[in-house]
Structures are given as C-alpha cells and as structure tokens.
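S.K.: What follows is query21.txt, made up of compact mmCIF, C-alpha atoms and all ligand atoms:
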# COMPACT_ATOMS: atom_id res chain seq x y z
CA MET H 1 0.00 0.00 0.00
CA ARG H 2 1.30 3.44 -0.89
CA PRO H 3 1.87 5.79 2.05
CA ILE H 4 -0.75 8.48 2.39
CA LEU H 5 0.87 11.83 1.69
CA LYS H 6 -0.44 14.53 3.92
CA ILE H 7 -0.28 17.76 2.02
CA MET H 8 0.19 20.68 4.38
CA GLU H 9 -1.57 23.75 3.03
CA LYS H 10 0.49 26.90 3.61
CA ARG H 11 -1.38 29.36 5.80
CA THR H 12 -1.96 32.93 4.71
CA VAL H 13 -0.42 35.15 7.37
CA ILE H 14 -0.79 38.91 7.03
CA LEU H 15 1.14 41.20 9.34
CA ALA H 16 -0.13 44.80 9.48
CA ILE H 17 1.40 48.00 10.76
CA GLU H 18 -0.51 51.19 11.57
CA SER H 19 1.32 54.40 12.50
CA SER H 20 -0.73 57.22 10.93
CA CYS H 21 -1.10 59.42 14.02
CA ASP H 22 -0.33 58.76 17.67
CA ASP H 23 -1.03 55.03 18.05
CA THR H 24 1.56 52.43 17.11
CA SER H 25 -0.30 49.26 16.26
CA SER H 26 0.36 45.88 14.73
CA ALA H 27 -2.02 43.01 13.96
CA VAL H 28 -1.93 39.54 12.47
CA ILE H 29 -4.61 37.78 10.43
CA VAL H 30 -4.18 34.07 9.77
CA ASP H 31 -6.36 32.57 7.03
CA GLY H 32 -8.84 35.43 7.32
CA VAL H 33 -9.15 35.33 11.13
CA LEU H 34 -7.76 38.05 13.40
CA ARG H 35 -5.22 36.52 15.77
CA SER H 36 -3.75 39.62 17.43
CA ASN H 37 -4.16 43.39 17.56
CA VAL H 38 -1.62 45.24 19.69
CA ILE H 39 -1.86 49.00 20.27
CA ALA H 40 0.64 51.26 22.04
CA SER H 41 -0.98 54.64 22.65
CA GLN H 42 1.29 57.62 23.12
CA LYS H 43 0.72 59.46 26.38
CA VAL H 44 3.44 62.02 25.62
CA HIS H 45 0.96 64.38 23.88
CA GLU H 46 -1.42 64.79 26.81
CA GLU H 47 0.47 67.68 28.38
CA TYR H 48 0.46 69.60 25.07
CA GLY H 49 -3.29 69.40 24.48
CA GLY H 50 -2.86 67.85 21.02
CA VAL H 51 -0.61 65.57 18.98
CA VAL H 52 2.93 66.94 18.51
CA PRO H 53 4.07 65.43 15.17
CA GLU H 54 7.78 65.21 15.98
CA LEU H 55 7.14 63.54 19.33
CA ALA H 56 4.72 61.14 17.65
CA SER H 57 7.37 60.04 15.13
CA ARG H 58 9.93 59.46 17.86
CA ALA H 59 7.48 57.46 19.99
CA HIS H 60 6.59 55.31 16.94
CA GLN H 61 10.29 54.55 16.50
CA GLN H 62 10.53 53.40 20.10
CA ASN H 63 7.30 51.38 20.03
CA ILE H 64 7.29 49.71 16.64
CA LEU H 65 9.65 46.81 17.27
CA PRO H 66 8.11 45.61 20.56
CA VAL H 67 4.59 46.13 19.20
CA VAL H 68 5.23 44.04 16.05
CA ASP H 69 7.05 41.42 18.10
CA THR H 70 4.14 41.15 20.55
CA ALA H 71 1.59 40.95 17.71
CA LEU H 72 3.47 38.00 16.14
CA LYS H 73 3.87 36.23 19.50
CA ARG H 74 0.22 36.68 20.46
CA ALA H 75 -0.82 35.34 17.07
CA GLY H 76 1.34 32.26 17.59
CA VAL H 77 3.38 32.83 14.43
CA THR H 78 6.95 33.78 13.64
CA LYS H 79 8.27 36.25 11.10
CA ASN H 80 9.07 33.34 8.79
CA ASP H 81 5.37 32.48 8.55
CA ILE H 82 4.46 35.92 7.13
CA SER H 83 2.89 35.83 3.64
CA ALA H 84 2.70 39.62 3.15
CA ILE H 85 3.07 42.86 5.11
CA ALA H 86 0.35 45.50 5.05
CA PHE H 87 1.02 49.06 6.18
CA THR H 88 -0.91 52.32 6.42
CA ARG H 89 0.29 54.54 3.60
CA GLY H 90 -1.93 57.52 4.45
CA PRO H 91 -3.64 59.80 5.14
CA GLY H 92 -1.98 60.89 8.36
CA LEU H 93 1.05 62.65 9.79
CA LEU H 94 3.92 62.21 7.35
CA GLY H 95 6.61 61.67 9.97
CA SER H 96 4.50 59.04 11.75
CA LEU H 97 3.60 57.30 8.50
CA LEU H 98 7.27 57.21 7.50
CA VAL H 99 8.17 55.15 10.56
CA GLY H 100 5.58 52.44 9.81
CA THR H 101 6.21 52.52 6.07
CA SER H 102 9.99 52.23 6.44
CA PHE H 103 9.67 49.42 8.97
CA ALA H 104 7.26 47.51 6.72
CA LYS H 105 9.55 47.95 3.71
CA GLY H 106 12.64 46.82 5.61
CA LEU H 107 10.93 43.72 6.97
CA ALA H 108 9.38 42.86 3.59
CA LEU H 109 12.80 43.13 1.91
CA ALA H 110 14.47 41.03 4.61
CA LEU H 111 11.79 38.31 4.44
CA ASN H 112 11.31 38.57 0.68
CA VAL H 113 7.52 38.89 0.99
CA PRO H 114 5.16 41.29 -0.83
CA LEU H 115 4.10 44.66 0.53
CA ILE H 116 0.50 45.90 0.63
CA ASP H 117 -0.29 49.59 1.00
CA VAL H 118 -3.51 50.39 2.83
CA ASN H 119 -5.53 53.58 2.86
CA HIS H 120 -6.23 54.37 6.51
CA LEU H 121 -9.78 55.53 5.77
CA GLN H 122 -10.62 52.39 3.82
CA GLY H 123 -9.22 50.49 6.79
CA HIS H 124 -11.73 52.19 9.11
CA VAL H 125 -14.58 51.16 6.81
CA LEU H 126 -13.28 47.58 6.44
CA ALA H 127 -13.05 47.20 10.23
CA HIS H 128 -16.66 46.03 9.83
CA PHE H 129 -15.37 42.87 8.12
CA VAL H 130 -12.83 41.76 10.72
CA GLU H 131 -13.38 38.14 11.80
CA ASP H 132 -12.50 38.48 15.47
CA GLY H 133 -14.33 35.43 16.76
CA THR H 134 -17.15 37.44 18.35
CA GLY H 135 -19.59 36.80 15.50
CA LEU H 136 -19.48 40.40 14.32
CA GLU H 137 -22.12 40.83 11.60
CA HIS H 138 -20.80 42.25 8.32
CA PRO H 139 -22.66 44.64 6.00
CA THR H 140 -23.40 43.59 2.43
CA PHE H 141 -22.79 45.88 -0.55
CA PRO H 142 -23.69 48.58 -1.20
CA PHE H 143 -23.77 50.33 2.17
CA LEU H 144 -23.10 53.78 3.54
CA CYS H 145 -20.44 54.41 6.14
CA LEU H 146 -20.25 57.51 8.30
CA LEU H 147 -16.53 57.92 8.90
CA VAL H 148 -15.90 60.27 11.80
CA SER H 149 -12.55 60.82 13.46
CA GLY H 150 -10.20 63.52 14.67
CA GLY H 151 -9.23 64.36 11.09
CA ASN H 152 -12.20 63.28 8.97
CA SER H 153 -15.98 63.51 8.74
CA GLN H 154 -17.25 61.80 5.63
CA ILE H 155 -20.10 59.83 4.19
CA VAL H 156 -18.65 56.98 2.15
CA LEU H 157 -20.60 54.95 -0.39
CA VAL H 158 -19.12 51.46 -0.22
CA ARG H 159 -19.84 49.43 -3.35
CA ALA H 160 -17.24 46.71 -2.71
CA TYR H 161 -14.15 46.08 -0.57
CA ASN H 162 -12.08 47.93 -3.11
CA ASP H 163 -14.68 50.34 -4.49
CA MET H 164 -15.48 53.29 -2.22
CA GLN H 165 -16.55 56.84 -2.96
CA ILE H 166 -16.67 59.82 -0.62
CA ILE H 167 -20.06 61.41 -1.35
CA GLY H 168 -19.89 64.03 1.41
CA GLN H 169 -17.22 65.41 3.68
CA THR H 170 -16.39 68.27 5.97
CA ILE H 171 -15.48 71.51 4.28
CA ASP H 172 -13.57 72.68 7.37
CA ASP H 173 -13.11 70.94 10.73
CA ALA H 174 -13.79 67.28 11.49
CA ALA H 175 -16.35 66.29 14.15
CA GLY H 176 -13.63 64.93 16.44
CA GLU H 177 -11.63 68.11 16.02
CA ALA H 178 -14.70 70.15 17.07
CA PHE H 179 -15.10 67.98 20.17
CA ASP H 180 -11.40 68.27 21.03
CA LYS H 181 -11.18 72.02 20.51
CA CYS H 182 -14.37 72.80 22.46
CA ALA H 183 -13.19 70.50 25.24
CA LYS H 184 -9.93 72.44 25.38
CA VAL H 185 -11.84 75.70 25.79
CA LEU H 186 -13.67 74.13 28.75
CA GLY H 187 -10.32 73.17 30.28
CA LEU H 188 -10.79 69.41 29.73
CA PRO H 189 -7.81 67.12 28.98
CA TYR H 190 -6.79 65.95 25.49
CA PRO H 191 -8.33 64.20 23.65
CA GLY H 192 -11.52 65.93 24.68
CA GLY H 193 -14.05 63.72 22.82
CA PRO H 194 -14.31 61.04 25.52
CA TRP H 195 -14.57 63.76 28.22
CA ILE H 196 -17.40 65.50 26.39
CA ASP H 197 -19.16 62.12 26.13
CA LYS H 198 -18.72 61.52 29.88
CA LEU H 199 -19.85 64.95 31.07
CA ALA H 200 -22.71 65.09 28.54
CA LYS H 201 -24.39 62.23 30.40
CA LEU H 202 -24.92 64.63 33.33
CA GLY H 203 -26.08 67.62 31.27
CA ASP H 204 -29.09 69.01 29.44
CA PRO H 205 -28.73 68.60 25.63
CA ALA H 206 -31.28 71.37 25.00
CA LYS H 207 -29.74 73.96 27.34
CA TYR H 208 -27.61 75.80 24.75
CA PRO H 209 -28.96 75.98 21.18
CA PHE H 210 -25.76 76.19 19.12
CA ALA H 211 -25.62 77.19 15.45
CA LYS H 212 -26.07 74.48 12.84
CA PRO H 213 -24.63 74.76 9.33
CA ASN H 214 -26.78 75.18 6.28
CA ILE H 215 -24.79 73.81 3.36
CA PRO H 216 -26.09 71.88 0.38
CA GLY H 217 -25.55 68.22 -0.48
CA TYR H 218 -23.97 65.72 1.88
CA ASP H 219 -21.08 67.91 3.05
CA TYR H 220 -20.45 68.86 6.65
CA SER H 221 -19.13 71.92 8.43
CA PHE H 222 -18.21 72.23 12.10
CA SER H 223 -16.30 75.51 12.28
CA GLY H 224 -19.48 77.58 12.79
CA LEU H 225 -20.50 75.34 15.67
CA LYS H 226 -17.08 75.81 17.25
CA THR H 227 -17.44 79.60 17.00
CA SER H 228 -20.99 79.44 18.37
CA PHE H 229 -19.71 77.41 21.33
CA LEU H 230 -16.92 79.91 21.94
CA TYR H 231 -19.21 82.96 21.68
CA THR H 232 -21.74 81.40 24.08
CA LEU H 233 -19.00 81.08 26.69
CA ARG H 234 -17.60 84.54 25.92
CA ASP H 235 -21.06 86.11 26.40
CA MET H 236 -21.56 84.26 29.68
CA LEU H 237 -18.14 85.36 30.96
CA LYS H 238 -19.06 88.93 30.14
CA ALA H 239 -22.52 88.71 31.70
CA GLN H 240 -21.09 87.22 34.91
CA GLY H 241 -18.17 89.66 34.99
CA VAL H 242 -15.59 86.86 35.36
CA GLU H 243 -12.49 85.97 33.36
CA THR H 244 -11.97 82.23 33.58
CA ILE H 245 -14.08 79.18 32.85
CA ASP H 246 -13.43 77.93 36.40
CA ASP H 247 -14.86 81.18 37.83
CA LEU H 248 -17.81 80.93 35.45
CA ALA H 249 -18.46 77.34 36.51
CA GLN H 250 -18.73 78.57 40.13
CA ASN H 251 -21.53 80.95 39.12
CA VAL H 252 -23.37 78.84 36.52
CA PRO H 253 -24.46 75.48 37.92
CA ASN H 254 -23.79 72.46 35.69
CA LEU H 255 -22.01 74.68 33.15
CA ARG H 256 -19.56 72.14 31.73
CA GLU H 257 -22.09 69.28 31.75
CA ASP H 258 -24.76 71.33 29.93
CA MET H 259 -22.27 72.75 27.41
CA CYS H 260 -20.98 69.23 26.66
CA ALA H 261 -24.48 67.75 26.36
CA SER H 262 -25.63 70.56 24.04
CA LEU H 263 -22.49 70.36 21.90
CA GLN H 264 -22.72 66.58 21.59
CA ALA H 265 -26.43 66.69 20.70
CA THR H 266 -25.72 69.29 18.00
CA VAL H 267 -22.81 67.35 16.47
CA VAL H 268 -24.83 64.13 16.41
CA ASP H 269 -27.82 65.89 14.85
CA ILE H 270 -25.65 67.47 12.13
CA LEU H 271 -24.03 64.11 11.33
CA MET H 272 -27.25 62.09 11.28
CA ARG H 273 -29.34 64.50 9.19
CA LYS H 274 -26.95 64.35 6.24
CA LEU H 275 -26.62 60.61 6.58
CA LYS H 276 -30.41 60.25 6.54
CA LYS H 277 -30.60 62.37 3.40
CA ALA H 278 -27.91 60.29 1.66
CA ALA H 279 -29.57 57.00 2.62
CA ALA H 280 -32.97 58.21 1.38
CA ASP H 281 -31.63 59.67 -1.89
CA LEU H 282 -29.58 56.57 -2.74
CA HIS H 283 -32.19 54.07 -1.46
CA ILE H 284 -29.63 52.39 0.77
CA ASN H 285 -30.74 50.88 4.06
CA GLN H 286 -27.49 49.46 5.40
CA VAL H 287 -25.61 52.10 7.34
CA ALA H 288 -22.37 51.76 9.27
CA VAL H 289 -20.31 54.08 11.45
CA ALA H 290 -16.53 54.06 11.84
CA GLY H 291 -13.61 56.09 13.22
CA GLY H 292 -12.69 57.41 16.66
CA VAL H 293 -15.87 59.44 17.15
CA SER H 294 -17.95 56.28 16.60
CA ALA H 295 -17.09 55.53 20.25
CA ASN H 296 -19.42 58.38 21.22
CA SER H 297 -22.38 57.03 23.16
CA ALA H 298 -24.92 59.54 21.79
CA LEU H 299 -23.87 58.83 18.20
CA ARG H 300 -24.13 55.08 18.79
CA GLN H 301 -27.60 55.58 20.30
CA ALA H 302 -28.61 57.79 17.35
CA PHE H 303 -27.66 54.95 14.98
CA ILE H 304 -29.92 52.58 16.92
CA ASP H 305 -32.78 55.13 16.96
CA TYR H 306 -32.47 56.04 13.28
CA GLY H 307 -32.20 52.34 12.44
CA ARG H 308 -35.53 51.66 14.14
CA LYS H 309 -37.22 54.73 12.69
CA TYR H 310 -36.02 54.49 9.10
CA ARG H 311 -35.68 50.69 8.93
CA TRP H 312 -31.92 50.75 8.47
CA LYS H 313 -29.75 47.80 9.28
CA VAL H 314 -27.04 49.47 11.33
CA PHE H 315 -23.45 48.41 11.93
CA ILE H 316 -21.72 49.84 15.00
CA PRO H 317 -18.12 48.67 15.57
CA PRO H 318 -16.88 47.22 18.86
CA PHE H 319 -15.00 49.89 20.86
CA SER H 320 -11.65 48.22 20.14
CA PHE H 321 -12.08 49.00 16.42
CA THR H 322 -13.20 52.62 16.78
CA THR H 323 -9.83 54.28 17.37
CA ASP H 324 -6.78 53.72 15.20
CA ASN H 325 -5.82 50.04 15.15
CA ALA H 326 -3.91 47.68 12.90
CA ALA H 327 -6.69 45.05 12.84
CA MET H 328 -8.58 47.15 10.29
CA VAL H 329 -5.40 47.70 8.26
CA CYS H 330 -4.77 43.96 8.36
CA GLN H 331 -8.31 43.25 7.13
CA ALA H 332 -7.92 45.69 4.24
CA GLY H 333 -4.52 44.13 3.52
CA TYR H 334 -6.00 40.63 3.55
CA PHE H 335 -8.60 41.60 0.93
CA LYS H 336 -5.87 43.10 -1.24
CA TYR H 337 -3.74 39.98 -0.79
CA LEU H 338 -6.62 37.84 -2.08
CA ASP H 339 -6.75 40.16 -5.13
CA ASN H 340 -2.95 39.93 -5.62
CA ASP H 341 -2.94 43.71 -5.20
CA PHE H 342 0.59 44.50 -3.99
CA CYS H 343 2.60 47.70 -4.03
CA ALA H 344 6.11 48.63 -5.09
CA ILE H 345 8.94 48.92 -2.58
CA ASP H 346 9.40 52.61 -3.43
CA GLU H 347 5.79 53.58 -2.58
CA VAL H 348 5.76 56.77 -0.47
CA PRO H 349 3.33 57.80 2.28
CA PHE H 350 0.73 60.51 1.69
CA ALA H 351 -0.70 63.00 4.16
CA LYS H 352 -3.89 64.19 2.49
CA THR H 353 -7.41 62.83 2.90
CA THR H 354 -8.47 60.61 0.02
CA ILE H 355 -10.08 57.21 -0.35
O1 LIG Y 1 -9.97 57.79 14.53
P1 LIG Y 1 -9.22 58.41 15.65
O2 LIG Y 1 -8.75 57.50 16.74
O3 LIG Y 1 -7.93 59.11 15.14
C1 LIG Y 1 -7.71 60.30 14.53
O4 LIG Y 1 -8.49 60.76 13.68
O5 LIG Y 1 -6.64 60.85 14.89
O6 LIG Y 1 -10.16 59.54 16.26
C2 LIG Y 1 -9.79 60.32 17.35
C3 LIG Y 1 -10.94 61.25 17.64
C4 LIG Y 1 -10.57 62.36 18.63
O7 LIG Y 1 -11.01 63.59 18.12
C5 LIG Y 1 -11.33 61.96 19.89
O8 LIG Y 1 -11.67 63.05 20.71
C6 LIG Y 1 -12.55 61.31 19.29
O9 LIG Y 1 -12.05 60.55 18.22
N1 LIG Y 1 -13.26 60.46 20.25
C7 LIG Y 1 -14.49 60.72 20.71
C8 LIG Y 1 -14.82 59.71 21.63
N2 LIG Y 1 -13.77 58.84 21.70
C9 LIG Y 1 -12.82 59.31 20.84
N3 LIG Y 1 -15.33 61.73 20.42
C10 LIG Y 1 -16.51 61.73 21.05
N4 LIG Y 1 -16.90 60.81 21.95
C11 LIG Y 1 -16.09 59.78 22.27
N5 LIG Y 1 -16.48 58.86 23.15
Is it possible to give me this structure as structure tokens?
Ligand code: KG4
M.R.:
Amino acid sequence: MRPILKIMEKRTVILAIESSCDDTSSAVIVDGVLRSNVIASQKVHEEYGGVVPELASRAHQQNILPVVDTALKRAGVTKNDISAIAFTRGPGLLGSLLVGTSFAKGLALALNVPLIDVNHLQGHVLAHFVEDGTGLEHPTFPFLCLLVSGGNSQIVLVRAYNDMQIIGQTIDDAAGEAFDKCAKVLGLPYPGGPWIDKLAKLGDPAKYPFAKPNIPGYDYSFSGLKTSFLYTLRDMLKAQGVETIDDLAQNVPNLREDMCASLQATVVDILMRKLKKAAADLHINQVAVAGGVSANSALRQAFIDYGRKYRWKVFIPPFSFTTDNAAMVCQAGYFKYLDNDFCAIDEVPFAKTTI
C-alpha cells in the first residue's frame, strides 16, 4: 500500500502596521481570522493638548519593534510564517507614516515577501469585516459608512471592498476636532471627545442651542459650531463679569455638563441629518459608522434610533475597532492579498485625505 501523503496547506499570514497618528499598532490575520491586535498609545501628547508630530514620530520609532514582536507572539506565528506585510500609507502625519512605512519595507525586503499599501480611511470602513471570533455581523454591498474621526468627517458609499466613494465630507473641521477644541476651551484634557461624552451624560442637551450649518448636499461643516460654542462662553463670561471658565463654573451650575451635552447633541444631529438624506436619496438601508468618534455614546444611540425609525440595518463597531488600530489595516490588507494587489517597494506615504 502506498503511504498516504499529507499535504500541508500553507497558511496565509498577514502582518499589518498602523502608525498614521499617535497610536503604534500591529495586527496579524491568519487565514482570514484576526489573531492579534496590539496598540501602544502615546501618552506624551497629553500635556500639550494635542498631537505633537515630531514627538509622535519618535514614539513610533521606540514602540514599533516591541509592538510588532508582541503581535506576532500573540498570534502564535513567527516572522518566517508571514505571507505579506500591510502598512498604512496615508492619510496621516507624514513623519508618523514614514516610521511604519519604512519598517514595513525593511521587513518585507528582509523576508522577501510582498508589501500591501492600505488607505487608513478604507481600513476604518473595512473594520466592519474583521473576523475576530465574536460573530461580528458584516454589512453587504452597497452600504453607507459615516466615517468620523479627529481628522475626517465623511459619508462613504461602499460598493465593494475595493470600491469606495466619498459622497460628502467636511469643508472645514472634522467632528472629532470640534469635540477636542471645544473640550480644550472648557479646560478638559486631550483628547476631549471622551470627556465630552462623559460629562454630557450629566447635562441638558437642549440647554444651549448652538448654530447648525446650512450647506447643500452631503457635506459637513463644524467651524461655525465651534465659534458658536466659543461665543456662548464669551457672552456668559461677560454677563457674569468673570475671566476664567473655572470662575464661570462657580456661578453657573452644571455649566460644563450642559455645554458638553448641548455640543454633543448638535454634532450628532448634524451628522445624522446628512446621513439620513444620503440613505434616502440613494435608497440604501445598510448604514455603518466608523472612526474614533464612533465611540461616542450619543452617536451610537442615534444609529440605533435612526435604524428603528427608518428601517436601516445598522453596523456599530466594537470599541476596540473605533480608534486607530492595525486590525482594520490587516483586514484591508488581507482583501488586497486575495486580489494579488501588492505595491512597489518605493511607494511613499501621503498625508492628504483621500479614499
Ligand atoms: O480615529 P481616531 O482615533 O484618530 C484620529 O483621527 O486621529 O479619532 C480620534 C478622535 C478624537 O477627536 C477623539 O476626541 C474622538 O475621536 N473620540 C471621541 C470619543 N472617543 C474618541 N469623540 C466623542 N466621543 C467619544 N467617546
């Protein structure tokens, strides 16, 4: 009798690197299933009230090796198992992107494996397809994705994994930026979004009626809201005859909580109205949310409420996939790997928002 030959199928192992802003992250997908997702957040920026690009680049340099090493170990693979390396090419901070891009290129050259460039924004959208073992339900095509982060506020029409179109976007500030800047004015730590969310739970969302933009189509604007927020505080300072927000908070009960609740309600209303219009116009009833601001509790609740009211099937990511993470980059990279869509070794990072 001839011996039975056991043919060992080679596994597809994708290693991903994300370094677009202030989180160094690495993830591994083995045969389509997420095996690890390691994130090192940079605390160094807290005392500056915003991300300092040069410090971010340096911290990425310090973090990248241990983060990649941990991601491989947690996934139970070695560098010799890697089939391809995916990296975030942009948009983001150029210095930060350079660290991840250079590391990915060096490792790909050393291991003689292909490189896959991933658009960070597409990664956020494709986070909805990560197989993380929790039975996460995936949208089917076409669907709309509201992509809201510190740098972007967009409505994306997703026709396929590799076919996305921005149909509306902010003409000035992003929603997360508005949260962060208003939080700073209130004297809250950076990043302010999570603090606004927390304090808003104790405030009255109807207390301060802030200005809402009136622009056509599916585009957004948040700079007027920021000014309206600022002027409301300025007028109150004047009326109370005090100079600081702390002094004002002594005189006006629940000041910070009510300001946060009103700001959050306004941002959520602005975001959801345009999304509703896009869904109705395009006859699409599958709607997803992605990006750092998708961690906001009022926005998540609005998705549930709009879903019930307008019969949308809604997709809200787990918290671990809301902020920057390499799992989403790995997922996007895995899809490109299946399409044999690789990039050249001399590909350069890009800073500007595009999809
Ligand atoms: O996608 P992301 O992690 O990265 C960048 O775009 O850099 O988004 C970060 C943004 C910040 O503006 C942060 O304040 C905001 O997401 N954010 C939140 C919440 N959690 C994070 N905004 C509102 N509510 C939250 N719970």
S.K.: Which residue is closest to ligand LIG 1 (chain Y)? Choose from H:Lys10, H:Lys198, H:His45, H:Arg35 and count only C-alpha atoms and all ligand atoms.
M.R.: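 Closest to ligand LIG 1 (chain Y), using only C-alpha atoms and all ligand atoms: H:Lys198.
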S.K.: Which residue, H:Ile85, H:Ile116, H:Leu237, H:Val267, has the smallest gap to ligand LIG 1 (chain Y) when you use all atoms listed in the file?
M.R.: H:Val267
S.K.: Under the rule that all atoms listed in the file are counted, which of H:Arg89, H:His120, H:Arg11, H:His60 is the nearest residue to ligand LIG 1 (chain Y)?
M.R.: H:His120
S.K.: So that each row is one residue of chain H with an atom at most 6 Å from ligand LIG 1 (chain Y), can you give its shortest atom pair and the distance in Å to one decimal, using all atoms listed in the file, rows by chain and rising number, as CSV?
M.R.:
residue,atom,partner,partner_atom,distance
H:Cys21,CA,Y:LIG1,O5,5.8
H:Ser149,CA,Y:LIG1,O6,3.9
H:Gly150,CA,Y:LIG1,O4,3.4
H:Gly151,CA,Y:LIG1,O4,4.5
H:Gly176,CA,Y:LIG1,O7,3.4
H:Glu177,CA,Y:LIG1,O7,5.0
H:Asp180,CA,Y:LIG1,O8,5.2
H:Pro191,CA,Y:LIG1,O8,4.6
H:Gly192,CA,Y:LIG1,O8,4.9
H:Gly193,CA,Y:LIG1,O8,3.3
H:Pro194,CA,Y:LIG1,N5,3.9
H:Asp197,CA,Y:LIG1,N4,4.9
H:Gly291,CA,Y:LIG1,O1,4.2
H:Gly292,CA,Y:LIG1,O6,3.3
H:Val293,CA,Y:LIG1,C7,4.0
H:Ala295,CA,Y:LIG1,N5,4.5
H:Asn296,CA,Y:LIG1,N5,3.5
H:Thr323,CA,Y:LIG1,O2,3.5
H:Asp324,CA,Y:LIG1,O2,4.5
S.K.: Report, in Å with one decimal, the straight-line distance from CA of Pro114 (chain H) to CA of Asp31 (chain H).
M.R.: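 Those two atoms sit 16.4 Å apart.
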S.K.: Find the residues near Leu188 (chain H): any atom within 12 Å, counting all atoms listed in the file, skip ones fewer than 2 places away on the same chain, and give them as a list of chain:residue names.
M.R.: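 Contacts, with the query itself left out: H:Glu46, H:Glu47, H:Gly49, H:Gly50, H:Phe179, H:Asp180, H:Lys181, H:Cys182, H:Ala183, H:Lys184, H:Val185, H:Leu186, H:Tyr190, H:Pro191, H:Gly192, H:Gly193, H:Pro194, H:Trp195, H:Ile196, H:Asp197, H:Lys198, H:Leu199, H:Ile245, H:Asp246, H:Arg256, H:Glu257, H:Cys260.
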S.K.: With only C-alpha atoms as the atoms that count, which of H:Asp339, H:Phe87, H:Ala206, H:Leu93 lies nearest to Gly106 (chain H)?
M.R.: H:Phe87
S.K.: I want to know what sits within 12 Å of Lys73 (chain H), based on only C-alpha atoms, with residues of the same chain fewer than 5 positions away left out; could you give that as a list in words?
M.R.: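 The residues that qualify are Leu15, Ser26, Ala27, Val28, Arg35, Ser36, Asn37, Val38, Pro66, Val67, Val68, Thr78, Lys79 and Asp81 of chain H.
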S.K.: What is the distance, in Å and to one decimal place, between CA of Val156 (chain H) and CA of Val51 (chain H)?
M.R.: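 Here the two named atoms are 26.1 Å from each other.
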S.K.: Counting all atoms listed in the file, what is within 7 Å of Pro91 (chain H), bar same-chain residues fewer than 3 positions away, as a list in words?
M.R.: Ser20, Asn119, His120, Phe350, Ala351, Lys352 and Thr353 of chain H
S.K.: Just write the chosen residues, C-alpha atoms, as a PDB file, in the frame of the given file.
M.R.:
ATOM      1  CA  SER H  20      -0.730  57.220  10.930  1.00  0.00           C
ATOM      2  CA  ASN H 119      -5.530  53.580   2.860  1.00  0.00           C
ATOM      3  CA  HIS H 120      -6.230  54.370   6.510  1.00  0.00           C
ATOM      4  CA  PHE H 350       0.730  60.510   1.690  1.00  0.00           C
ATOM      5  CA  ALA H 351      -0.700  63.000   4.160  1.00  0.00           C
ATOM      6  CA  LYS H 352      -3.890  64.190   2.490  1.00  0.00           C
ATOM      7  CA  THR H 353      -7.410  62.830   2.900  1.00  0.00           C
TER       8      THR H 353
END
S.K.: Excluding Gln301 (chain H) and its own-chain neighbours fewer than 5 positions away, which residues fall within 10 Å of it when counting all atoms listed in the file? Please give them as a ChimeraX atom specification.
M.R.: /H:268,296,306-307,316
S.K.: Could you dump the residues just selected with C-alpha atoms as a PDB file, keeping the file's coordinate frame?
M.R.:
ATOM      1  CA  VAL H 268     -24.830  64.130  16.410  1.00  0.00           C
ATOM      2  CA  ASN H 296     -19.420  58.380  21.220  1.00  0.00           C
ATOM      3  CA  TYR H 306     -32.470  56.040  13.280  1.00  0.00           C
ATOM      4  CA  GLY H 307     -32.200  52.340  12.440  1.00  0.00           C
ATOM      5  CA  ILE H 316     -21.720  49.840  15.000  1.00  0.00           C
TER       6      ILE H 316
END
S.K.: Could you pull out every residue with an atom within 12 Å of (-25.6, 50.4, -0.5), file coordinates, counting all atoms listed in the file, and send them as a short mmCIF file (atom, residue, chain, number, x, y, z; two decimals) with C-alpha atoms, in the frame of the given file?
M.R.:
data_model
loop_
_atom_site.label_atom_id
_atom_site.label_comp_id
_atom_site.auth_asym_id
_atom_site.auth_seq_id
_atom_site.Cartn_x
_atom_site.Cartn_y
_atom_site.Cartn_z
CA PRO H 139 -22.66 44.64 6.00
CA THR H 140 -23.40 43.59 2.43
CA PHE H 141 -22.79 45.88 -0.55
CA PRO H 142 -23.69 48.58 -1.20
CA PHE H 143 -23.77 50.33 2.17
CA LEU H 144 -23.10 53.78 3.54
CA CYS H 145 -20.44 54.41 6.14
CA ILE H 155 -20.10 59.83 4.19
CA VAL H 156 -18.65 56.98 2.15
CA LEU H 157 -20.60 54.95 -0.39
CA VAL H 158 -19.12 51.46 -0.22
CA ARG H 159 -19.84 49.43 -3.35
CA ALA H 160 -17.24 46.71 -2.71
CA ASP H 163 -14.68 50.34 -4.49
CA MET H 164 -15.48 53.29 -2.22
CA GLN H 165 -16.55 56.84 -2.96
CA ALA H 278 -27.91 60.29 1.66
CA ALA H 279 -29.57 57.00 2.62
CA ALA H 280 -32.97 58.21 1.38
CA ASP H 281 -31.63 59.67 -1.89
CA LEU H 282 -29.58 56.57 -2.74
CA HIS H 283 -32.19 54.07 -1.46
CA ILE H 284 -29.63 52.39 0.77
CA ASN H 285 -30.74 50.88 4.06
CA GLN H 286 -27.49 49.46 5.40
CA VAL H 287 -25.61 52.10 7.34
CA ALA H 288 -22.37 51.76 9.27
CA TRP H 312 -31.92 50.75 8.47
CA LYS H 313 -29.75 47.80 9.28
CA VAL H 314 -27.04 49.47 11.33
#
S.K.: What is the CA of Pro213 (chain H) to CA of Asp305 (chain H) distance in Å?
M.R.: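 That distance, rounded to one decimal, is 22.6 Å.
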S.K.: Residues near Leu115 (chain H), anyone? I mean within 10 Å using only C-alpha atoms, not counting same-chain ones fewer than 5 positions away, as a list in words.
M.R.: Ile14, Leu15, Ala16, Ser83, Ala84, Ile85, Ala86, Phe87, Thr101, Ala104, Lys105, Leu107, Ala108, Leu109, Gly333, Tyr337, Asp341, Phe342, Cys343, Ala344, Ile345 and Glu347 of chain H
